[in-house]
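Engineer: Below is the file upload18.cif, with mmCIF, C-alpha atoms.
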data_entry
loop_
_atom_site.label_atom_id
_atom_site.label_comp_id
_atom_site.auth_asym_id
_atom_site.auth_seq_id
_atom_site.Cartn_x
_atom_site.Cartn_y
_atom_site.Cartn_z
CA MET R 401 0.00 0.00 0.00
CA THR R 402 2.67 2.50 1.05
CA THR R 403 4.71 1.62 -2.02
CA THR R 404 1.73 2.35 -4.29
CA ILE R 405 1.17 5.74 -2.72
CA GLY R 406 4.88 6.38 -2.86
CA SER R 407 5.13 5.60 -6.56
CA ILE R 408 2.07 7.72 -7.34
CA LEU R 409 3.69 10.62 -5.49
CA THR R 410 6.98 10.10 -7.34
CA VAL R 411 5.28 10.00 -10.73
CA SER R 412 3.19 13.10 -10.03
CA SER R 413 6.23 14.96 -8.72
CA TYR R 414 8.12 14.19 -11.94
CA PHE R 415 5.05 15.22 -13.90
CA LEU R 416 4.74 18.53 -12.03
CA ARG R 417 8.39 19.35 -12.51
CA SER R 418 8.35 18.59 -16.24
CA ILE R 419 5.15 20.61 -16.80
CA CYS R 420 6.60 23.57 -14.94
CA PHE R 421 9.88 23.30 -16.84
CA LEU R 422 7.97 23.30 -20.12
CA HIS R 423 5.85 26.23 -19.00
CA ILE R 424 8.86 28.29 -17.95
CA SER R 425 10.71 27.63 -21.19
CA HIS R 426 7.55 28.54 -23.13
CA SER R 427 7.19 31.85 -21.40
CA TYR R 428 10.85 32.90 -21.22
CA ILE R 429 12.79 31.12 -23.95
CA TYR R 430 10.97 29.66 -26.92
CA GLU R 431 7.56 28.49 -28.06
CA PHE R 432 6.31 26.58 -31.07
CA THR R 433 2.66 27.31 -31.57
CA GLU R 434 -0.18 27.24 -34.07
CA THR R 435 -1.59 30.34 -35.71
CA ARG R 436 -4.89 30.87 -37.40
CA GLY R 437 -6.60 33.55 -39.37
CA GLU R 438 -6.21 35.48 -42.56
CA SER R 439 -4.79 38.67 -41.05
CA MET R 440 -1.16 37.76 -41.73
CA LEU R 441 -1.57 36.52 -45.31
CA PRO R 442 0.58 35.94 -47.29
CA THR R 443 3.29 35.73 -44.59
CA LEU R 444 1.40 33.15 -42.52
CA ALA R 445 -1.18 30.72 -43.90
CA VAL R 446 -4.82 30.77 -42.80
CA GLN R 447 -4.50 27.49 -40.90
CA ASN R 448 -2.03 24.73 -40.03
CA ASP R 449 0.78 27.22 -39.89
CA TYR R 450 3.05 26.88 -36.86
CA VAL R 451 5.36 29.63 -35.73
CA HIS R 452 8.64 29.66 -33.83
CA VAL R 453 8.45 32.39 -31.20
CA VAL R 454 11.53 33.69 -29.38
CA LYS R 455 10.67 35.02 -25.93
CA LYS R 456 13.77 37.15 -25.52
CA TYR R 457 11.65 39.88 -27.09
CA LYS R 458 9.01 39.70 -24.36
CA ASN R 459 7.67 43.14 -23.35
CA GLY R 460 8.95 44.54 -26.64
CA ARG R 461 12.59 44.36 -25.56
CA GLY R 462 14.72 44.79 -28.70
CA CYS R 463 11.76 44.81 -31.09
CA LYS R 464 12.10 46.90 -34.24
CA LEU R 465 9.82 48.31 -36.88
CA GLY R 466 9.03 45.54 -39.35
CA ASP R 467 9.27 42.69 -36.82
CA CYS R 468 6.56 40.08 -36.60
CA ILE R 469 5.32 39.67 -33.04
CA VAL R 470 2.92 37.69 -30.88
CA ALA R 471 0.95 39.80 -28.41
CA VAL R 472 -1.98 39.46 -26.05
CA LYS R 473 -5.07 40.95 -27.62
CA PRO R 474 -5.85 44.20 -25.75
CA THR R 475 -9.57 43.52 -25.77
CA ASP R 476 -9.26 39.91 -24.61
CA PRO R 477 -6.49 38.62 -22.32
CA ASN R 478 -7.22 35.02 -23.39
CA HIS R 479 -6.47 35.59 -27.05
CA ARG R 480 -3.19 36.21 -28.76
CA VAL R 481 -2.57 37.89 -32.07
CA CYS R 482 0.27 37.77 -34.61
CA LYS R 483 0.96 41.14 -36.19
CA ARG R 484 3.73 43.18 -37.72
CA ILE R 485 5.07 46.27 -35.96
CA THR R 486 4.55 49.26 -38.24
CA GLY R 487 5.23 52.00 -35.72
CA MET R 488 7.61 52.32 -32.78
CA PRO R 489 7.26 54.83 -29.92
CA GLY R 490 7.63 58.37 -31.24
CA ASP R 491 7.09 57.44 -34.90
CA TYR R 492 4.61 59.33 -37.03
CA ILE R 493 2.54 56.89 -39.04
CA LEU R 494 -0.56 56.94 -41.19
CA VAL R 495 -3.55 55.44 -39.43
CA ASP R 496 -4.91 53.62 -42.44
CA PRO R 497 -3.52 54.25 -45.89
CA SER R 498 -4.82 50.93 -47.27
CA ASP R 499 -8.17 50.02 -48.86
CA SER R 500 -7.10 50.83 -52.37
CA ILE R 501 -10.19 49.19 -53.81
CA TYR R 502 -12.36 51.96 -52.49
CA ARG R 503 -9.66 54.53 -52.95
CA GLU R 504 -9.68 54.22 -56.71
CA LYS R 505 -13.28 55.33 -56.77
CA SER R 506 -13.01 58.27 -54.43
CA ASP R 507 -10.27 60.83 -54.72
CA SER R 508 -10.25 61.67 -51.03
CA ASP R 509 -6.81 62.49 -49.70
CA GLU R 510 -7.78 61.94 -46.09
CA PRO R 511 -6.23 58.47 -45.61
CA PHE R 512 -2.87 59.99 -46.52
CA ASN R 513 -3.39 62.97 -44.26
CA THR R 514 -4.36 61.27 -40.98
CA TYR R 515 -1.27 60.71 -38.88
CA ILE R 516 -0.77 59.76 -35.27
CA LYS R 517 2.35 59.80 -33.12
CA VAL R 518 2.85 56.45 -31.41
CA PRO R 519 2.93 57.07 -27.62
CA ASN R 520 5.80 56.07 -25.34
CA GLY R 521 5.92 52.41 -24.46
CA HIS R 522 3.51 51.50 -27.24
CA VAL R 523 3.79 50.01 -30.70
CA TRP R 524 1.52 50.28 -33.71
CA VAL R 525 0.74 46.85 -35.13
CA THR R 526 -1.01 45.84 -38.35
CA GLY R 527 -1.59 42.50 -40.04
CA ASP R 528 0.23 41.97 -43.32
CA ASN R 529 -3.13 41.51 -44.98
CA LEU R 530 -4.46 45.02 -44.60
CA ALA R 531 -7.78 44.06 -46.16
CA HIS R 532 -8.73 41.53 -43.44
CA SER R 533 -7.06 42.37 -40.18
CA LEU R 534 -8.28 43.59 -36.82
CA ASP R 535 -5.37 45.58 -35.48
CA SER R 536 -4.14 48.95 -34.28
CA ARG R 537 -6.36 50.60 -36.85
CA THR R 538 -9.27 49.46 -34.67
CA TYR R 539 -7.89 49.22 -31.13
CA ASN R 540 -5.14 51.84 -31.35
CA SER R 541 -1.50 51.22 -30.49
CA ILE R 542 -0.81 48.43 -27.98
CA PRO R 543 1.40 48.70 -24.88
CA MET R 544 4.68 46.81 -25.20
CA GLY R 545 3.82 44.98 -21.98
CA LEU R 546 1.42 42.86 -24.03
CA ILE R 547 4.14 41.63 -26.41
CA LYS R 548 4.95 37.96 -25.72
CA GLY R 549 7.67 37.34 -28.28
CA LYS R 550 8.95 37.71 -31.81
CA ILE R 551 8.19 35.29 -34.63
CA VAL R 552 11.46 34.23 -36.22
CA ALA R 553 10.35 31.32 -38.38
CA ALA R 554 7.36 29.21 -39.34
CA ASN R 555 6.44 25.72 -40.51
CA ASP R 556 3.55 25.38 -42.90
CA PHE R 557 2.01 21.95 -42.34
CA ASN R 558 -0.12 22.40 -45.46
CA GLN R 559 3.09 21.67 -47.37
CA PRO R 560 4.29 18.10 -47.99
CA PHE R 561 6.94 16.76 -45.64
CA TRP R 562 9.70 16.99 -48.18
CA ASN R 563 10.31 19.46 -51.01
CA GLY R 564 7.04 21.32 -51.16
CA SER R 565 6.57 24.53 -53.07
CA LEU R 566 8.94 26.16 -50.60
CA SER R 567 11.43 23.32 -51.28
CA ASN R 568 12.12 22.69 -47.66
CA ILE R 569 11.20 20.35 -44.85
CA LEU R 570 7.63 20.85 -43.70
CA GLY R 571 7.31 24.25 -45.31
CA PHE R 572 9.95 25.77 -43.08
CA ARG R 573 10.91 29.36 -43.73
CA LYS R 574 12.33 32.26 -41.80
CA ILE R 575 10.09 35.19 -41.01
CA GLN R 576 12.13 38.26 -41.69
CA ASN R 577 11.96 41.90 -40.80
CA THR R 578 10.40 43.51 -43.88
CA PHE R 579 11.51 47.06 -43.15
CA ILE R 580 14.19 47.48 -45.80
CA ASP R 581 16.17 50.18 -47.56
CA GLU R 582 14.29 51.63 -50.46
CA GLU R 583 16.41 51.94 -53.56
CA SER R 584 15.19 54.80 -55.66
CA MET V 1332 33.59 10.96 -14.88
CA SER V 1333 31.11 8.37 -13.77
CA THR V 1334 32.05 8.97 -10.16
CA ILE V 1335 30.76 12.56 -10.33
CA PHE V 1336 27.46 11.58 -11.90
CA HIS V 1337 26.86 8.76 -9.47
CA SER V 1338 27.86 10.64 -6.36
CA PRO V 1339 24.96 11.31 -3.98
CA GLY V 1340 25.82 15.02 -3.87
CA PHE V 1341 25.35 15.37 -7.62
CA LYS V 1342 22.04 13.56 -7.54
CA ARG V 1343 20.78 15.66 -4.68
CA SER V 1344 21.71 18.96 -6.31
CA LEU V 1345 20.06 17.83 -9.54
CA LYS V 1346 16.93 17.06 -7.58
CA ILE V 1347 16.94 20.50 -5.95
CA LEU V 1348 17.56 22.18 -9.34
CA SER V 1349 14.62 20.35 -10.87
CA TRP V 1350 12.30 22.11 -8.43
CA ILE V 1351 13.37 25.61 -9.48
CA PRO V 1352 11.01 25.73 -12.50
CA VAL V 1353 8.18 24.75 -10.17
CA ILE V 1354 8.95 27.68 -7.87
CA ILE V 1355 9.22 30.12 -10.79
CA ALA V 1356 6.00 28.84 -12.35
CA PHE V 1357 4.24 29.22 -9.00
CA ASN V 1358 5.54 32.76 -8.54
CA ASP V 1359 4.56 33.69 -12.09
CA ASN V 1360 1.08 32.24 -12.10
CA VAL V 1361 -0.23 31.68 -8.62
CA SER V 1362 1.21 33.85 -5.91
CA TYR V 1363 4.15 36.11 -5.21
CA ILE V 1364 5.45 38.52 -2.59
CA ALA V 1365 6.15 42.03 -3.80
CA ARG V 1366 7.61 45.19 -2.31
CA ILE V 1367 5.66 48.41 -2.73
CA LYS V 1368 7.65 51.53 -3.56
CA GLY V 1369 6.59 55.13 -3.57
CA PRO V 1370 3.82 57.23 -2.07
CA SER V 1371 1.11 56.87 -4.73
CA MET V 1372 -1.06 54.46 -2.68
CA ARG V 1373 -0.78 56.41 0.59
CA PRO V 1374 -2.37 56.00 3.12
CA SER V 1375 -3.45 52.42 2.27
CA LEU V 1376 0.09 51.28 1.46
CA ASN V 1377 3.40 52.79 2.56
CA PRO V 1378 1.67 55.13 5.05
CA ASN V 1379 4.85 56.95 6.07
CA ASP V 1380 7.97 58.25 4.42
CA ASN V 1381 10.42 55.90 6.12
CA GLU V 1382 12.41 54.08 3.42
CA LEU V 1383 13.10 51.14 5.74
CA SER V 1384 9.48 50.36 6.52
CA THR V 1385 8.10 49.93 3.01
CA ASP V 1386 5.26 47.48 2.73
CA TRP V 1387 5.63 43.96 1.37
CA VAL V 1388 2.40 42.51 0.07
CA LEU V 1389 1.08 39.10 -0.89
CA LEU V 1390 0.00 39.01 -4.53
CA TRP V 1391 -2.54 36.65 -6.03
CA LYS V 1392 -1.89 36.02 -9.70
CA TRP V 1393 -4.09 33.12 -10.77
CA GLY V 1394 -6.77 34.41 -13.14
CA CYS V 1395 -5.96 38.03 -12.31
CA THR V 1396 -6.30 39.11 -15.93
CA GLN V 1397 -9.89 37.84 -16.17
CA SER V 1398 -12.50 40.58 -15.99
CA TYR V 1399 -14.83 38.52 -13.80
CA ASN V 1400 -12.17 38.40 -11.08
CA LEU V 1401 -11.75 42.17 -10.99
CA LYS V 1402 -13.85 44.45 -8.85
CA ARG V 1403 -13.86 48.16 -8.20
CA ASN V 1404 -11.53 49.13 -5.33
CA ASP V 1405 -9.32 46.05 -5.76
CA ILE V 1406 -5.64 46.93 -5.55
CA VAL V 1407 -3.62 45.57 -8.47
CA LEU V 1408 -0.08 45.62 -9.77
CA ILE V 1409 0.09 46.47 -13.47
CA LYS V 1410 2.86 46.84 -16.02
CA SER V 1411 3.25 50.50 -16.83
CA PRO V 1412 1.79 51.25 -20.27
CA SER V 1413 4.50 53.83 -20.90
CA ASP V 1414 7.39 51.58 -19.86
CA PRO V 1415 6.86 47.79 -19.81
CA HIS V 1416 9.73 47.24 -17.38
CA LYS V 1417 8.11 49.35 -14.66
CA ILE V 1418 5.40 48.02 -12.37
CA TYR V 1419 2.72 50.27 -10.88
CA CYS V 1420 0.54 49.58 -7.84
CA LYS V 1421 -2.92 51.13 -8.27
CA ARG V 1422 -6.53 50.80 -7.21
CA ILE V 1423 -9.20 49.81 -9.73
CA LYS V 1424 -11.66 52.70 -9.93
CA GLY V 1425 -13.58 51.38 -12.91
CA VAL V 1426 -14.13 47.98 -14.51
CA GLN V 1427 -15.15 47.27 -18.10
CA PHE V 1428 -18.10 49.29 -19.47
CA ASP V 1429 -18.00 51.80 -16.57
CA THR V 1430 -18.20 55.50 -17.32
CA ILE V 1431 -15.52 57.43 -15.46
CA LYS V 1432 -15.28 61.09 -14.62
CA THR V 1433 -11.64 61.82 -15.31
CA LEU V 1434 -9.20 64.19 -13.62
CA HIS V 1435 -6.99 66.93 -14.97
CA PRO V 1436 -4.39 65.62 -17.43
CA TYR V 1437 -6.92 63.47 -19.26
CA PRO V 1438 -8.18 65.30 -22.35
CA LYS V 1439 -11.83 64.23 -22.08
CA GLU V 1440 -14.21 64.83 -19.19
CA THR V 1441 -15.76 61.38 -19.10
CA VAL V 1442 -14.58 58.13 -20.61
CA LEU V 1443 -16.14 54.71 -21.17
CA VAL V 1444 -13.86 51.88 -20.05
CA PRO V 1445 -13.67 49.40 -22.98
CA ARG V 1446 -14.20 45.65 -22.78
CA ASN V 1447 -11.49 43.88 -20.75
CA HIS V 1448 -9.93 47.13 -19.61
CA ILE V 1449 -9.72 48.76 -16.18
CA TRP V 1450 -9.45 52.33 -14.96
CA VAL V 1451 -6.78 52.61 -12.24
CA GLU V 1452 -5.85 55.42 -9.88
CA GLY V 1453 -3.57 55.84 -6.91
CA ASP V 1454 -5.21 56.56 -3.55
CA ASN V 1455 -2.95 59.56 -3.26
CA VAL V 1456 -4.66 61.23 -6.21
CA THR V 1457 -2.36 64.23 -6.40
CA GLN V 1458 0.86 62.21 -6.40
CA SER V 1459 0.00 59.44 -8.75
CA VAL V 1460 0.70 58.62 -12.38
CA ASP V 1461 -2.39 56.69 -13.34
CA SER V 1462 -5.20 56.26 -15.85
CA ASN V 1463 -5.74 60.01 -15.87
CA ASN V 1464 -2.35 60.14 -17.61
CA PHE V 1465 -2.32 56.99 -19.69
CA GLY V 1466 -5.96 56.04 -20.08
CA ALA V 1467 -7.70 52.74 -19.36
CA VAL V 1468 -5.40 49.72 -19.20
CA ALA V 1469 -5.92 46.32 -20.80
CA THR V 1470 -6.47 43.61 -18.19
CA GLY V 1471 -3.67 41.68 -19.91
CA MET V 1472 -1.27 44.17 -18.30
CA ILE V 1473 -2.21 43.12 -14.76
CA VAL V 1474 0.57 41.37 -12.87
CA GLY V 1475 -1.35 40.46 -9.74
CA LYS V 1476 -3.92 41.41 -7.15
CA VAL V 1477 -2.83 42.63 -3.71
CA VAL V 1478 -4.30 40.36 -1.04
CA LYS V 1479 -2.74 41.59 2.20
CA VAL V 1480 0.23 43.31 3.76
CA ILE V 1481 2.66 40.75 5.18
CA TRP V 1482 5.59 42.94 6.22
CA PRO V 1483 6.33 44.87 8.47
CA PRO V 1484 4.56 42.87 11.22
CA THR V 1485 3.03 46.04 12.69
CA ARG V 1486 0.95 46.34 9.56
CA TRP V 1487 -0.51 42.81 9.66
CA GLY V 1488 -4.23 42.80 9.28
CA THR V 1489 -4.34 46.25 7.68
CA ASN V 1490 -7.68 46.89 6.04
CA LEU V 1491 -6.72 47.85 2.50
CA ASN V 1492 -10.15 49.31 1.77
CA GLU V 1493 -10.25 51.76 4.67
CA THR V 1494 -9.58 54.57 2.27
CA VAL V 1495 -10.29 54.00 -1.37
CA GLY V 1496 -9.12 57.22 -2.98
CA ARG V 1497 -11.55 59.27 -4.97
CA HIS V 1498 -15.27 58.61 -4.42
CA ASP V 1499 -16.63 60.49 -7.38
CA ALA V 1500 -14.76 58.57 -10.07
CA LEU V 1501 -17.81 56.68 -11.32
CA SER V 1502 -20.20 58.80 -13.31
CA LEU V 1503 -23.82 58.77 -12.14
CA ALA V 1504 -25.02 56.89 -15.19
CA THR V 1505 -23.04 53.79 -14.19
CA ARG V 1506 -23.99 53.90 -10.52
CA GLN V 1507 -27.68 53.51 -11.20
CA MET L 1108 -6.65 51.25 -24.98
CA ALA L 1109 -3.75 53.49 -25.56
CA PRO L 1110 -3.50 56.97 -24.10
CA ALA L 1111 -5.67 59.49 -25.89
CA THR L 1112 -3.74 60.00 -29.12
CA PRO L 1113 -4.25 63.22 -31.06
CA VAL L 1114 -4.52 62.97 -34.84
CA VAL L 1115 -2.17 65.22 -36.79
CA ASP L 1116 -2.11 66.14 -40.46
CA ARG L 1117 0.58 65.92 -43.09
CA GLU L 1118 1.76 69.51 -42.73
CA ALA L 1119 2.42 69.07 -39.02
CA VAL L 1120 4.37 65.85 -39.62
CA ALA L 1121 6.35 67.45 -42.45
CA ALA L 1122 7.23 70.36 -40.17
CA THR L 1123 8.44 68.00 -37.41
CA LEU L 1124 10.47 66.02 -39.94
CA GLN L 1125 12.03 69.23 -41.26
CA ALA L 1126 12.91 70.36 -37.76
CA SER L 1127 14.47 66.98 -36.99
CA LYS L 1128 16.54 67.13 -40.18
CA GLN L 1129 17.89 70.54 -39.29
CA ARG L 1130 18.59 69.62 -35.71
CA ASN L 1131 20.47 66.46 -36.53
CA ARG L 1132 22.12 67.76 -39.71
CA GLN L 1133 22.18 64.36 -41.27
CA GLU L 1134 20.80 62.56 -44.22
CA CYS L 1135 17.64 60.66 -43.51
CA GLU L 1136 17.20 57.16 -44.82
CA LEU L 1137 14.31 56.21 -47.05
CA LYS L 1138 12.93 52.84 -46.03
CA ALA L 1139 10.04 50.72 -47.26
CA LEU L 1140 7.78 48.11 -45.74
CA THR L 1141 5.55 46.07 -47.98
CA GLN L 1142 2.19 44.86 -46.77
CA TYR L 1143 -0.64 43.33 -48.75
CA GLU L 1144 -4.31 43.40 -49.47
CA CYS L 1145 -5.50 39.87 -50.01
CA GLN L 1146 -8.85 38.72 -51.35
CA PHE L 1147 -10.04 35.13 -51.52
CA VAL L 1148 -10.95 33.98 -54.99
CA ASP L 1149 -11.95 30.47 -53.94
CA LEU L 1150 -12.74 29.80 -50.31
CA GLU L 1151 -12.82 26.02 -50.60
CA SER L 1152 -9.32 25.63 -51.90
CA ASN L 1153 -8.06 28.61 -49.90
CA ARG L 1154 -6.83 30.37 -53.00
CA TYR L 1155 -6.25 34.06 -52.66
CA ILE L 1156 -4.73 36.96 -54.54
CA CYS L 1157 -2.57 39.50 -52.81
CA ARG L 1158 -1.83 42.95 -54.06
CA PRO L 1159 1.28 44.49 -52.53
CA PHE L 1160 0.95 47.77 -50.73
CA LYS L 1161 4.23 49.52 -50.19
CA ARG L 1162 4.58 51.89 -47.28
CA LEU L 1163 7.41 54.42 -47.34
CA PHE L 1164 9.13 55.83 -44.28
CA GLU L 1165 11.79 58.43 -43.79
CA VAL L 1166 13.98 57.51 -40.83
CA CYS L 1167 15.74 60.40 -39.11
CA ALA L 1168 17.66 59.96 -35.88
CA GLY L 1169 15.76 56.81 -35.00
CA THR L 1170 12.29 58.19 -35.63
CA SER L 1171 10.26 57.04 -38.62
CA TYR L 1172 8.00 59.40 -40.52
CA GLU L 1173 5.64 57.69 -42.91
CA THR L 1174 5.62 59.28 -46.35
CA THR L 1175 3.27 56.88 -48.11
CA ALA L 1176 1.06 58.78 -50.54
CA GLN L 1177 -1.24 58.08 -53.45
CA PRO L 1178 1.50 58.10 -56.14
CA THR L 1179 3.92 55.85 -54.22
CA ASN L 1180 1.79 52.81 -54.96
CA SER L 1181 0.31 53.70 -58.33
CA ALA L 1182 2.99 51.85 -60.30
CA ASP L 1183 2.02 48.50 -58.77
CA ARG L 1184 -1.61 49.01 -59.42
CA SER L 1185 -1.87 49.50 -63.18
#
Can the structure from this file be put into structure tokens for me?

Structural biologist:
Amino acid sequence: MTTTIGSILTVSSYFLRSICFLHISHSYIYEFTETRGESMLPTLAVQNDYVHVVKKYKNGRGCKLGDCIVAVKPTDPNHRVCKRITGMPGDYILVDPSDSIYREKSDSDEPFNTYIKVPNGHVWVTGDNLAHSLDSRTYNSIPMGLIKGKIVAANDFNQPFWNGSLSNILGFRKIQNTFIDEES
Amino acid sequence: MSTIFHSPGFKRSLKILSWIPVIIAFNDNVSYIARIKGPSMRPSLNPNDNELSTDWVLLWKWGCTQSYNLKRNDIVLIKSPSDPHKIYCKRIKGVQFDTIKTLHPYPKETVLVPRNHIWVEGDNVTQSVDSNNFGAVATGMIVGKVVKVIWPPTRWGTNLNETVGRHDALSLATRQ
Amino acid sequence: MAPATPVVDREAVAATLQASKQRNRQECELKALTQYECQFVDLESNRYICRPFKRLFEVCAGTSYETTAQPTNSADRS
């Protein structure tokens, strides 16, 4: 009897320690997690796309304009969003220059004349797919304290195991900073 | 080589090390003890100026970002919206969907607290950087809820709701 | 919810940019960030078409000033 209880205790203690180790490494070091939704097309697929998140960038530490990040949704602490940073603290950025489909019909200049200055400690985030993304254009800039990490790479499980259209294992590719020098 | 790995000292220290993640996970998600700095929550916390007698409080963290666990006049620790590496200790003066009458630096006279946000203020209204400066805060920014003062011993059993700061923060429309 | 953020117009931003240029006496870098506007053409097979949308920024002394305007994207759109 005592040996049974003892072995149950041992097993659950090992279990607890492994779970906690996993949890700590997920929140401070690295996480591999699924993403969903069309807001980051074409960078991330609508479903079955898994991202590699580095947690060194937690709380926005070392994040730059053009980085892809995972953050807690400001309107729901139980949801997380993947977005791209398009404004750092102090930057002047256009609130919403997109929506070209409607733009072509109306000649209004307003979308190119509505700027905000990103407040201290905040970042402006938008999805890569400006047509279908709920982001800073709706909920304003987000505090860096909500940033959980930076996406450095992704695996697209829609791709075949070997040599898919991305000619790599399991659709692996790096997610890069897209803020680049403009050659005129 | 094998002698080091099979020595009882090595095994024991490995066993102790393996519990460290458990302690960190507990401190991050369940409960933690924190030191309160500064005068912004006076007189509820840090009632006097003495640097040596700052209050240490017990924090409850489990589920502290969920709106249903947050009530008006709860004291919470939040990450500062203007600097994520700073932690503020404030009192919740408004929960989601409340209408708040704001104070001076805030540009609008009343404000509706959005879904899953809170309005926080220091008890010491005049010496506090709070929602009147940076607006409502997402509940995701909450670090923990202050349960009780545990140090210094003279402050055990302090009623944290004896003074609750400003009484006219809620606009009449919400009170009804 | 972020702090109450005032909206400013292009002239105000241009003036700030000009002031920053004079203060720092240095060349600003022109940078670009390309985002997209994607529309599904076939929901069942998840096929979609993306049109690039290039956003231009002038970076002076660490601060970015967006300079995206109507003509900066017109070439991609013909």

Engineer: Write out as a PyMOL selection string the residues lying within 10 Å of L:Ala1111, counting only C-alpha atoms and excluding same-chain residues fewer than 4 positions away.

Structural biologist: (chain R and resi 519+540) or (chain V and resi 1437-1439+1464-1467)

Engineer: To verify the selection step, state as a PyMOL selection string which residues the PyMOL selection byres ((chain V) within 10 of (chain R)) yields on this input.

Structural biologist: chain V and resi 1349-1357+1359+1396-1398+1409-1417+1445-1448+1465+1468-1473

Engineer: Would you tabulate, counting only C-alpha atoms, all residues of chain R that have an atom at most 8 Å from an atom of chain L, showing the closest pair of atoms and their distance in Å to one decimal, sorted by chain then ascending number, as JSON lines?

Structural biologist:
{"residue": "R:Leu441", "atom": "CA", "partner": "L:Cys1145", "partner_atom": "CA", "distance": 7.0}
{"residue": "R:Pro442", "atom": "CA", "partner": "L:Cys1157", "partner_atom": "CA", "distance": 7.3}
{"residue": "R:Gly466", "atom": "CA", "partner": "L:Leu1140", "partner_atom": "CA", "distance": 7.0}
{"residue": "R:Pro474", "atom": "CA", "partner": "L:Met1108", "partner_atom": "CA", "distance": 7.1}
{"residue": "R:Gly487", "atom": "CA", "partner": "L:Ser1171", "partner_atom": "CA", "distance": 7.7}
{"residue": "R:Met488", "atom": "CA", "partner": "L:Ser1171", "partner_atom": "CA", "distance": 8.0}
{"residue": "R:Gly490", "atom": "CA", "partner": "L:Thr1170", "partner_atom": "CA", "distance": 6.4}
{"residue": "R:Asp491", "atom": "CA", "partner": "L:Ser1171", "partner_atom": "CA", "distance": 4.9}
{"residue": "R:Tyr492", "atom": "CA", "partner": "L:Tyr1172", "partner_atom": "CA", "distance": 4.9}
{"residue": "R:Ile493", "atom": "CA", "partner": "L:Glu1173", "partner_atom": "CA", "distance": 5.0}
{"residue": "R:Leu494", "atom": "CA", "partner": "L:Glu1173", "partner_atom": "CA", "distance": 6.5}
{"residue": "R:Pro497", "atom": "CA", "partner": "L:Thr1175", "partner_atom": "CA", "distance": 7.6}
{"residue": "R:Ser498", "atom": "CA", "partner": "L:Phe1160", "partner_atom": "CA", "distance": 7.4}
{"residue": "R:Asp499", "atom": "CA", "partner": "L:Glu1144", "partner_atom": "CA", "distance": 7.7}
{"residue": "R:Phe512", "atom": "CA", "partner": "L:Ala1176", "partner_atom": "CA", "distance": 5.8}
{"residue": "R:Asn513", "atom": "CA", "partner": "L:Arg1117", "partner_atom": "CA", "distance": 5.1}
{"residue": "R:Thr514", "atom": "CA", "partner": "L:Asp1116", "partner_atom": "CA", "distance": 5.4}
{"residue": "R:Tyr515", "atom": "CA", "partner": "L:Val1115", "partner_atom": "CA", "distance": 5.1}
{"residue": "R:Ile516", "atom": "CA", "partner": "L:Val1114", "partner_atom": "CA", "distance": 5.0}
{"residue": "R:Lys517", "atom": "CA", "partner": "L:Thr1112", "partner_atom": "CA", "distance": 7.3}
{"residue": "R:Val518", "atom": "CA", "partner": "L:Thr1112", "partner_atom": "CA", "distance": 7.8}
{"residue": "R:Pro519", "atom": "CA", "partner": "L:Pro1110", "partner_atom": "CA", "distance": 7.3}
{"residue": "R:His522", "atom": "CA", "partner": "L:Ala1109", "partner_atom": "CA", "distance": 7.7}
{"residue": "R:Asp528", "atom": "CA", "partner": "L:Gln1142", "partner_atom": "CA", "distance": 4.9}
{"residue": "R:Asn529", "atom": "CA", "partner": "L:Tyr1143", "partner_atom": "CA", "distance": 4.9}
{"residue": "R:Leu530", "atom": "CA", "partner": "L:Glu1144", "partner_atom": "CA", "distance": 5.1}
{"residue": "R:Ala531", "atom": "CA", "partner": "L:Glu1144", "partner_atom": "CA", "distance": 4.8}
{"residue": "R:His532", "atom": "CA", "partner": "L:Cys1145", "partner_atom": "CA", "distance": 7.5}
{"residue": "R:Tyr539", "atom": "CA", "partner": "L:Met1108", "partner_atom": "CA", "distance": 6.6}
{"residue": "R:Asn540", "atom": "CA", "partner": "L:Ala1109", "partner_atom": "CA", "distance": 6.2}
{"residue": "R:Ser541", "atom": "CA", "partner": "L:Ala1109", "partner_atom": "CA", "distance": 5.9}
{"residue": "R:Ile542", "atom": "CA", "partner": "L:Ala1109", "partner_atom": "CA", "distance": 6.3}
{"residue": "R:Pro543", "atom": "CA", "partner": "L:Ala1109", "partner_atom": "CA", "distance": 7.1}
{"residue": "R:Thr578", "atom": "CA", "partner": "L:Leu1140", "partner_atom": "CA", "distance": 5.6}
{"residue": "R:Phe579", "atom": "CA", "partner": "L:Leu1140", "partner_atom": "CA", "distance": 4.7}
{"residue": "R:Ile580", "atom": "CA", "partner": "L:Ala1139", "partner_atom": "CA", "distance": 5.5}
{"residue": "R:Asp581", "atom": "CA", "partner": "L:Lys1138", "partner_atom": "CA", "distance": 4.5}
{"residue": "R:Glu582", "atom": "CA", "partner": "L:Lys1138", "partner_atom": "CA", "distance": 4.8}

Engineer: As a PyMOL selection string, please: the residues near V:Pro1484 (cut-off 12 Å, only C-alpha atoms, same-chain neighbours under 5 positions excluded).

Structural biologist: chain V and resi 1384-1388+1479+1489

Engineer: Would you compute the distance between atom CA of V:Cys1395 and atom CA of V:Val1478? Give it in Å to one decimal.

Structural biologist: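 Taking atom CA of V:Cys1395 and atom CA of V:Val1478, their separation equals 11.6 Å.
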
Engineer: Excluding stretch 1431-1433 of chain V and residues on its chain fewer than 3 positions from it, collect all residues at most 7 Å away from it, counting all atoms listed in the file, and give them as a PyMOL selection string.

Structural biologist: chain V and resi 1425+1437+1440-1443+1463+1500-1502
